[in-house]
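A.B. asks: File final_33.tsv follows (TSV, C-alpha atoms and all ligand atoms):
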```tsv
chain	number	residue	atom	x	y	z
H	1	MET	CA	-16.62	1.19	-2.36
H	2	ASN	CA	-20.19	0.10	-3.09
H	3	ASN	CA	-20.03	-3.64	-2.87
H	4	LEU	CA	-18.36	-4.46	0.36
H	5	ASP	CA	-16.87	-7.88	0.06
H	6	LEU	CA	-13.82	-9.12	1.84
H	7	SER	CA	-13.21	-11.80	-0.74
H	8	ASP	CA	-11.96	-8.72	-2.51
H	9	THR	CA	-8.43	-8.90	-1.16
H	10	HIS	CA	-8.05	-5.25	-1.98
H	11	VAL	CA	-10.12	-4.20	1.03
H	12	ARG	CA	-8.12	-6.54	3.26
H	13	GLU	CA	-4.91	-5.02	1.98
H	14	GLN	CA	-6.23	-1.52	2.58
H	15	ILE	CA	-6.93	-2.46	6.19
H	16	THR	CA	-3.47	-4.04	6.54
H	17	GLN	CA	-1.93	-0.85	5.25
H	18	LEU	CA	-3.96	1.30	7.65
H	19	LEU	CA	-3.02	-0.88	10.62
H	20	ASN	CA	0.65	-0.97	9.66
H	21	ILE	CA	0.89	2.82	9.62
H	22	THR	CA	-1.11	3.11	12.82
H	23	CYS	CA	1.32	0.73	14.53
H	24	GLU	CA	4.35	2.51	13.05
H	25	ARG	CA	3.12	5.79	14.54
H	26	LEU	CA	2.45	4.19	17.92
H	27	ASN	CA	5.87	2.51	17.92
H	28	LEU	CA	7.43	5.99	18.08
H	29	MET	CA	5.71	6.65	21.40
H	30	PRO	CA	7.84	4.63	23.86
H	31	ARG	CA	10.83	6.79	22.91
H	32	MET	CA	8.68	9.91	23.27
H	33	GLY	CA	7.78	8.66	26.76
H	34	GLU	CA	11.44	8.19	27.67
H	35	LEU	CA	12.27	11.69	26.48
H	36	LYS	CA	9.38	13.19	28.45
H	37	PHE	CA	10.56	11.30	31.52
H	38	THR	CA	14.04	12.79	31.07
H	39	MET	CA	12.55	16.23	30.56
H	40	GLY	CA	10.28	15.79	33.58
H	41	VAL	CA	7.09	16.55	31.65
H	42	GLU	CA	3.70	14.80	31.41
H	43	PRO	CA	2.59	12.76	28.37
H	44	PHE	CA	-0.22	15.24	27.66
H	45	ASP	CA	0.96	18.33	25.80
H	46	GLU	CA	-2.00	20.59	25.11
H	47	GLY	CA	-0.18	22.92	22.71
H	48	GLN	CA	1.16	20.04	20.65
H	49	GLU	CA	-2.26	18.37	20.47
H	50	LYS	CA	-3.71	21.62	19.14
H	51	ARG	CA	-0.98	21.81	16.50
H	52	VAL	CA	-1.58	18.18	15.48
H	53	LEU	CA	-5.35	18.76	15.25
H	54	ASP	CA	-4.88	21.94	13.19
H	55	LYS	CA	-2.60	20.11	10.80
H	56	ALA	CA	-5.07	17.22	10.62
H	57	ILE	CA	-7.93	19.60	9.70
H	58	GLN	CA	-5.86	21.18	6.94
H	59	LYS	CA	-4.89	17.79	5.55
H	60	ALA	CA	-8.44	16.48	5.79
H	61	LYS	CA	-9.59	19.42	3.69
H	62	ARG	CA	-6.87	18.90	1.13
H	63	LEU	CA	-7.48	15.15	0.86
H	64	GLY	CA	-11.26	15.52	0.83
H	65	LEU	CA	-11.80	13.65	4.08
H	66	PRO	CA	-14.64	14.41	6.51
H	67	LYS	CA	-13.31	16.77	9.16
H	68	ASP	CA	-15.19	15.36	12.15
H	69	LEU	CA	-14.12	11.80	11.48
H	70	VAL	CA	-10.51	12.84	11.00
H	71	ILE	CA	-10.51	14.80	14.26
H	72	ARG	CA	-12.00	11.88	16.18
H	73	PHE	CA	-9.50	9.52	14.60
H	74	ILE	CA	-6.35	11.55	15.25
H	75	GLN	CA	-7.50	12.41	18.78
H	76	THR	CA	-7.87	8.72	19.60
H	77	GLN	CA	-4.39	8.07	18.19
H	78	MET	CA	-3.01	10.75	20.51
H	79	ASP	CA	-4.91	9.21	23.42
H	80	ILE	CA	-3.32	5.81	22.78
H	81	ALA	CA	0.06	7.57	22.44
H	82	LYS	CA	-0.37	9.03	25.94
H	83	LEU	CA	-1.30	5.63	27.34
H	84	ILE	CA	1.90	4.12	25.92
H	85	GLN	CA	3.98	7.02	27.23
H	86	SER	CA	2.50	6.87	30.71
H	87	GLN	CA	3.28	3.14	30.90
H	88	ILE	CA	6.94	3.84	30.05
H	89	ILE	CA	7.15	6.78	32.47
H	90	GLU	CA	5.68	4.66	35.24
H	91	GLN	CA	8.28	1.92	34.61
H	92	LEU	CA	11.14	4.42	34.58
H	93	THR	CA	9.86	6.17	37.71
H	94	THR	CA	9.95	2.93	39.70
H	95	GLN	CA	13.58	2.44	38.61
H	96	GLY	CA	14.58	5.60	40.50
H	97	LEU	CA	17.26	6.80	38.10
H	98	PRO	CA	19.98	9.27	39.16
H	99	LYS	CA	19.41	12.97	38.60
H	100	LEU	CA	20.13	14.05	35.03
H	101	THR	CA	22.45	16.81	33.92
H	102	ASP	CA	21.26	19.94	32.12
H	103	GLU	CA	23.02	18.68	28.97
H	104	GLU	CA	21.06	15.43	29.06
H	105	ILE	CA	17.81	17.31	29.49
H	106	GLN	CA	18.66	19.64	26.60
H	107	ALA	CA	19.61	16.70	24.39
H	108	ALA	CA	16.24	15.09	25.17
H	109	ALA	CA	14.39	18.29	24.19
H	110	LYS	CA	16.29	18.38	20.91
H	111	GLU	CA	15.54	14.75	20.18
H	112	GLN	CA	11.88	15.36	21.00
H	113	SER	CA	11.67	17.99	18.31
H	114	THR	CA	13.16	15.60	15.72
H	115	LEU	CA	10.85	12.84	16.88
H	116	ARG	CA	7.85	15.15	16.51
H	117	SER	CA	8.78	15.67	12.86
H	118	THR	CA	8.95	11.90	12.37
H	119	ILE	CA	5.54	11.50	14.03
H	120	GLY	CA	4.17	14.39	11.95
H	121	ALA	CA	5.36	12.72	8.75
H	122	LYS	CA	3.12	9.71	9.51
H	123	MET	CA	-0.04	11.79	9.28
H	124	GLU	CA	-0.24	11.95	5.50
H	125	PRO	CA	0.28	8.20	4.91
H	126	LEU	CA	-2.14	7.50	7.75
H	127	PHE	CA	-4.88	9.61	6.17
H	128	LEU	CA	-4.18	8.25	2.70
H	129	ALA	CA	-4.59	4.74	4.09
H	130	LEU	CA	-7.80	5.77	5.84
H	131	LYS	CA	-9.29	7.43	2.78
H	132	PRO	CA	-10.48	4.41	0.76
H	133	LEU	CA	-12.11	2.91	3.88
H	134	ILE	CA	-13.72	6.02	5.24
H	135	ASN	CA	-17.25	5.56	3.86
H	136	GLU	CA	-17.42	2.01	5.14
H	137	LEU	CA	-15.64	2.44	8.44
H	138	SER	CA	-18.80	1.87	10.47
H	139	SER	CA	-19.59	-1.36	8.65
H	140	PRO	CA	-19.43	-4.41	10.95
H	141	ILE	CA	-17.56	-6.26	8.20
H	142	ILE	CA	-14.79	-3.68	8.21
H	143	GLN	CA	-14.69	-3.42	12.00
H	144	ARG	CA	-14.50	-7.21	12.32
H	145	GLU	CA	-11.69	-7.38	9.76
H	146	ILE	CA	-9.76	-4.71	11.67
H	147	SER	CA	-10.08	-6.77	14.87
H	148	ARG	CA	-9.21	-9.99	13.08
H	149	GLN	CA	-6.06	-8.54	11.54
H	150	LEU	CA	-4.95	-6.89	14.75
H	151	ASP	CA	-5.22	-10.21	16.57
H	152	ASN	CA	-3.80	-12.41	13.82
H	153	ASN	CA	-1.10	-10.37	12.11
H	154	ARG	CA	2.31	-10.69	13.66
H	155	TYR	CA	3.01	-7.23	14.89
H	156	THR	CA	6.07	-6.23	16.80
H	157	GLY	CA	6.24	-3.42	19.31
H	158	GLU	CA	3.15	-1.74	20.69
H	159	CYS	CA	0.64	-3.57	18.49
H	160	ALA	CA	1.90	-6.86	19.88
H	161	LYS	CA	0.34	-5.84	23.21
H	162	PRO	CA	-3.30	-6.93	23.76
H	163	ILE	CA	-4.20	-3.74	25.68
H	164	ILE	CA	-2.97	-1.54	22.86
H	165	ARG	CA	-4.73	-3.67	20.25
H	166	GLU	CA	-8.01	-3.28	22.13
H	167	GLU	CA	-7.48	0.49	22.23
H	168	ILE	CA	-6.85	0.55	18.49
H	169	LYS	CA	-10.04	-1.43	17.82
H	170	LYS	CA	-11.93	1.10	19.94
H	171	SER	CA	-10.23	3.99	18.16
H	172	PHE	CA	-11.64	2.90	14.80
H	173	ARG	CA	-15.12	2.51	16.28
H	174	LYS	CA	-14.79	5.95	17.84
H	175	ALA	CA	-13.61	7.42	14.55
H	176	ALA	CA	-16.65	5.90	12.83
H	177	GLY	CA	-18.82	7.56	15.49
H	178	GLN	CA	-20.04	4.24	16.87
H	179	ILE	CA	-18.78	4.76	20.42
H	180	HIS	CA	-17.76	7.86	22.31
M	1	LIG	O1	4.40	15.34	20.53
M	1	LIG	C1	4.22	14.82	21.62
M	1	LIG	O2	4.54	15.35	22.68
M	1	LIG	C2	3.59	13.49	21.69
M	1	LIG	O3	3.59	12.88	22.73
M	1	LIG	C3	2.85	12.94	20.51
M	1	LIG	C4	1.35	13.23	20.59
M	1	LIG	C5	0.76	12.67	19.26
M	1	LIG	O4	0.27	11.54	19.27
M	1	LIG	O5	0.89	13.36	18.24
M	1	LIG	C6	0.75	12.51	21.76
M	1	LIG	C7	0.44	13.14	22.95
M	1	LIG	C8	0.64	14.56	23.17
M	1	LIG	O6	-0.32	15.12	24.02
M	1	LIG	C9	0.82	15.30	21.91
M	1	LIG	C10	1.10	14.68	20.72
```
What would you get if you wrote out this structure as structure tokens?

C.D. replies:
Amino acid sequence: MNNLDLSDTHVREQITQLLNITCERLNLMPRMGELKFTMGVEPFDEGQEKRVLDKAIQKAKRLGLPKDLVIRFIQTQMDIAKLIQSQIIEQLTTQGLPKLTDEEIQAAAKEQSTLRSTIGAKMEPLFLALKPLINELSSPIIQREISRQLDNNRYTGECAKPIIREEIKKSFRKAAGQIH
């Protein structure tokens, strides 16, 4: 992408695609939060984050994407995921639900493993959507278009929430190395 011009609807569409997949991934996180609540575990799972990062590095290599940017990007997505999960866990905690049975806890663990596969399957489309934009990600034109679309497109779920949208905007600036 040498001539950056948003009258080129192609770039706009690439951003739409990237945001759609980002939101799809984040929309899996409220359920993950519910399952973690049932299992009595925290949103942060160090081992899983390591596995996700390892997989991201492998994919970055295969797709020819810069490793550092990809790591920053996927880490920020996991950070937003934890924010969403902790909001859900906080809500459920205040509801003071009855104690769960061992079967219910086991069923939650099983569902978590399936859900992790679904989340994992979003990585490839996410990176493919990121790829055409990667060299221009730090451009103010691109960053402004990301913000504009996040605020104007009619998202459902997590991306409908202003706090989450702000975190996503930040995540792209972090990925581009503009903020830490
Ligand atoms: O797999 C999980 O446990 C998740 O909550 C998903 C996820 C992610 O975004 O991939 C988010 C937070 C965790 O620390 C690890 C991974």

A.B. asks: So that I can see what lies close to region 50-56 of chain H, please list as an NGL selection string the residues with an atom at most 9 Å from it, counting only C-alpha atoms and leaving out residues fewer than 4 positions away in the same chain.

C.D. replies: :H and (45-46 or 60-61 or 67 or 70-71 or 74-75 or 120 or 123-124 or 127)

A.B. asks: Could you jot down the CA of Ile89 (chain H) to CA of Ser171 (chain H) separation for me, Å, one decimal place?

C.D. replies: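 So the answer is 22.7 Å.
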
A.B. asks: If you take all atoms listed in the file and a cut-off of 6 Å, which residues of region 60-115 of chain H touch region 173-178 of chain H, and what are their nearest atom pairs and distances in Å to one decimal, in chain and number order, as a tab-separated table?

C.D. replies:
```
residue	atom	partner	partner_atom	distance
H:Leu69	CA	H:Ala175	CA	5.4
H:Arg72	CA	H:Ala175	CA	5.0
H:Phe73	CA	H:Ala175	CA	4.6
```

A.B. asks: Write out as CSV the residues of chain H that have any atom within 9 Å of an atom of ligand LIG 1 (chain M), one row each with the nearest atom pair and its distance in Å to one decimal, counting only C-alpha atoms and all ligand atoms, sorted by chain and then rising number.

C.D. replies:
```
residue,atom,partner,partner_atom,distance
H:Arg25,CA,M:LIG1,O4,8.0
H:Leu26,CA,M:LIG1,O4,7.8
H:Leu28,CA,M:LIG1,C3,8.7
H:Met29,CA,M:LIG1,O3,6.7
H:Met32,CA,M:LIG1,O3,5.9
H:Gly33,CA,M:LIG1,O3,7.2
H:Lys36,CA,M:LIG1,O2,7.8
H:Glu42,CA,M:LIG1,O6,8.4
H:Pro43,CA,M:LIG1,O3,5.7
H:Phe44,CA,M:LIG1,O6,3.6
H:Asp45,CA,M:LIG1,O6,3.9
H:Glu46,CA,M:LIG1,O6,5.8
H:Gly47,CA,M:LIG1,C9,7.7
H:Gln48,CA,M:LIG1,C9,4.9
H:Glu49,CA,M:LIG1,C9,4.6
H:Lys50,CA,M:LIG1,C9,8.3
H:Arg51,CA,M:LIG1,C10,8.5
H:Val52,CA,M:LIG1,O5,6.1
H:Leu53,CA,M:LIG1,O5,8.8
H:Ile74,CA,M:LIG1,O4,7.7
H:Gln75,CA,M:LIG1,O4,7.8
H:Thr76,CA,M:LIG1,O4,8.6
H:Gln77,CA,M:LIG1,O4,5.9
H:Met78,CA,M:LIG1,O4,3.6
H:Asp79,CA,M:LIG1,C7,6.7
H:Ile80,CA,M:LIG1,O4,7.6
H:Ala81,CA,M:LIG1,C6,5.0
H:Lys82,CA,M:LIG1,C7,5.1
H:Leu83,CA,M:LIG1,C7,8.9
H:Gln85,CA,M:LIG1,O3,7.4
H:Gln112,CA,M:LIG1,O1,7.5
H:Ser113,CA,M:LIG1,O1,8.1
H:Leu115,CA,M:LIG1,O1,7.8
H:Arg116,CA,M:LIG1,O1,5.3
H:Ser117,CA,M:LIG1,O1,8.8
H:Ile119,CA,M:LIG1,O5,6.5
H:Gly120,CA,M:LIG1,O5,7.2
```

A.B. asks: Just to confirm, what's the straight-line distance from CA of Glu104 (chain H) to CA of Met39 (chain H) in Å (one decimal)?

C.D. replies: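 Answer for the CA of Glu104 (chain H) to CA of Met39 (chain H) separation: 8.7 Å.
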
A.B. asks: Using all atoms listed in the file, can you tell me which of H:Thr156, H:Gln143, H:Thr38, H:Gln106 comes closest to Ile15 (chain H)?

C.D. replies: H:Gln143

A.B. asks: Take CA of Leu130 (chain H) and CA of Glu24 (chain H) and report the distance between them in Å, one decimal.

C.D. replies: 14.5 Å

A.B. asks: Can you put N, CA and C atoms back into region 48-75 of chain H and show it as an mmCIF file, keeping the file's coordinate frame?

C.D. replies:
```cif
data_model
loop_
_atom_site.group_PDB
_atom_site.id
_atom_site.type_symbol
_atom_site.label_atom_id
_atom_site.label_comp_id
_atom_site.auth_asym_id
_atom_site.auth_seq_id
_atom_site.Cartn_x
_atom_site.Cartn_y
_atom_site.Cartn_z
ATOM 1 N N GLN H 48 0.815 20.936 21.754
ATOM 2 C CA GLN H 48 1.160 20.040 20.650
ATOM 3 C C GLN H 48 -0.094 19.372 20.084
ATOM 4 N N GLU H 49 -1.018 18.999 20.954
ATOM 5 C CA GLU H 49 -2.260 18.370 20.470
ATOM 6 C C GLU H 49 -3.029 19.342 19.573
ATOM 7 N N LYS H 50 -3.029 20.616 19.971
ATOM 8 C CA LYS H 50 -3.710 21.620 19.140
ATOM 9 C C LYS H 50 -3.058 21.713 17.771
ATOM 10 N N ARG H 51 -1.702 21.714 17.776
ATOM 11 C CA ARG H 51 -0.980 21.810 16.500
ATOM 12 C C ARG H 51 -1.289 20.588 15.622
ATOM 13 N N VAL H 52 -1.300 19.404 16.238
ATOM 14 C CA VAL H 52 -1.580 18.180 15.480
ATOM 15 C C VAL H 52 -2.997 18.236 14.903
ATOM 16 N N LEU H 53 -3.959 18.681 15.717
ATOM 17 C CA LEU H 53 -5.350 18.760 15.250
ATOM 18 C C LEU H 53 -5.499 19.775 14.118
ATOM 19 N N ASP H 54 -4.828 20.922 14.255
ATOM 20 C CA ASP H 54 -4.880 21.940 13.190
ATOM 21 C C ASP H 54 -4.359 21.378 11.869
ATOM 22 N N LYS H 55 -3.221 20.687 11.988
ATOM 23 C CA LYS H 55 -2.600 20.110 10.800
ATOM 24 C C LYS H 55 -3.527 19.045 10.192
ATOM 25 N N ALA H 56 -4.166 18.277 11.081
ATOM 26 C CA ALA H 56 -5.070 17.220 10.620
ATOM 27 C C ALA H 56 -6.263 17.826 9.857
ATOM 28 N N ILE H 57 -6.783 18.951 10.357
ATOM 29 C CA ILE H 57 -7.930 19.600 9.700
ATOM 30 C C ILE H 57 -7.531 20.098 8.317
ATOM 31 N N GLN H 58 -6.355 20.705 8.242
ATOM 32 C CA GLN H 58 -5.860 21.180 6.940
ATOM 33 C C GLN H 58 -5.724 20.034 5.944
ATOM 34 N N LYS H 59 -5.115 18.948 6.424
ATOM 35 C CA LYS H 59 -4.890 17.790 5.550
ATOM 36 C C LYS H 59 -6.208 17.152 5.134
ATOM 37 N N ALA H 60 -7.137 17.081 6.085
ATOM 38 C CA ALA H 60 -8.440 16.480 5.790
ATOM 39 C C ALA H 60 -9.092 17.241 4.638
ATOM 40 N N LYS H 61 -9.011 18.564 4.718
ATOM 41 C CA LYS H 61 -9.590 19.420 3.690
ATOM 42 C C LYS H 61 -8.946 19.120 2.334
ATOM 43 N N ARG H 62 -7.615 19.105 2.366
ATOM 44 C CA ARG H 62 -6.870 18.900 1.130
ATOM 45 C C ARG H 62 -7.139 17.524 0.512
ATOM 46 N N LEU H 63 -7.287 16.516 1.360
ATOM 47 C CA LEU H 63 -7.480 15.150 0.860
ATOM 48 C C LEU H 63 -8.957 14.804 0.660
ATOM 49 N N GLY H 64 -9.826 15.765 0.994
ATOM 50 C CA GLY H 64 -11.260 15.520 0.830
ATOM 51 C C GLY H 64 -11.821 14.514 1.823
ATOM 52 N N LEU H 65 -11.319 14.561 3.033
ATOM 53 C CA LEU H 65 -11.800 13.650 4.080
ATOM 54 C C LEU H 65 -12.730 14.406 5.028
ATOM 55 N N PRO H 66 -13.729 13.719 5.592
ATOM 56 C CA PRO H 66 -14.640 14.410 6.510
ATOM 57 C C PRO H 66 -13.920 14.856 7.784
ATOM 58 N N LYS H 67 -14.055 16.152 8.078
ATOM 59 C CA LYS H 67 -13.310 16.770 9.160
ATOM 60 C C LYS H 67 -13.578 16.119 10.527
ATOM 61 N N ASP H 68 -14.840 15.888 10.826
ATOM 62 C CA ASP H 68 -15.190 15.360 12.150
ATOM 63 C C ASP H 68 -14.587 13.981 12.384
ATOM 64 N N LEU H 69 -14.677 13.151 11.360
ATOM 65 C CA LEU H 69 -14.120 11.800 11.480
ATOM 66 C C LEU H 69 -12.606 11.863 11.689
ATOM 67 N N VAL H 70 -11.957 12.708 10.916
ATOM 68 C CA VAL H 70 -10.510 12.840 11.000
ATOM 69 C C VAL H 70 -10.084 13.336 12.391
ATOM 70 N N ILE H 71 -10.832 14.284 12.917
ATOM 71 C CA ILE H 71 -10.510 14.800 14.260
ATOM 72 C C ILE H 71 -10.676 13.696 15.304
ATOM 73 N N ARG H 72 -11.789 12.974 15.206
ATOM 74 C CA ARG H 72 -12.000 11.880 16.180
ATOM 75 C C ARG H 72 -10.893 10.847 16.059
ATOM 76 N N PHE H 73 -10.523 10.542 14.822
ATOM 77 C CA PHE H 73 -9.500 9.520 14.600
ATOM 78 C C PHE H 73 -8.135 9.940 15.158
ATOM 79 N N ILE H 74 -7.698 11.126 14.814
ATOM 80 C CA ILE H 74 -6.350 11.550 15.250
ATOM 81 C C ILE H 74 -6.326 11.778 16.758
ATOM 82 N N GLN H 75 -7.451 12.236 17.311
ATOM 83 C CA GLN H 75 -7.500 12.410 18.780
ATOM 84 C C GLN H 75 -7.359 11.053 19.484
#
```
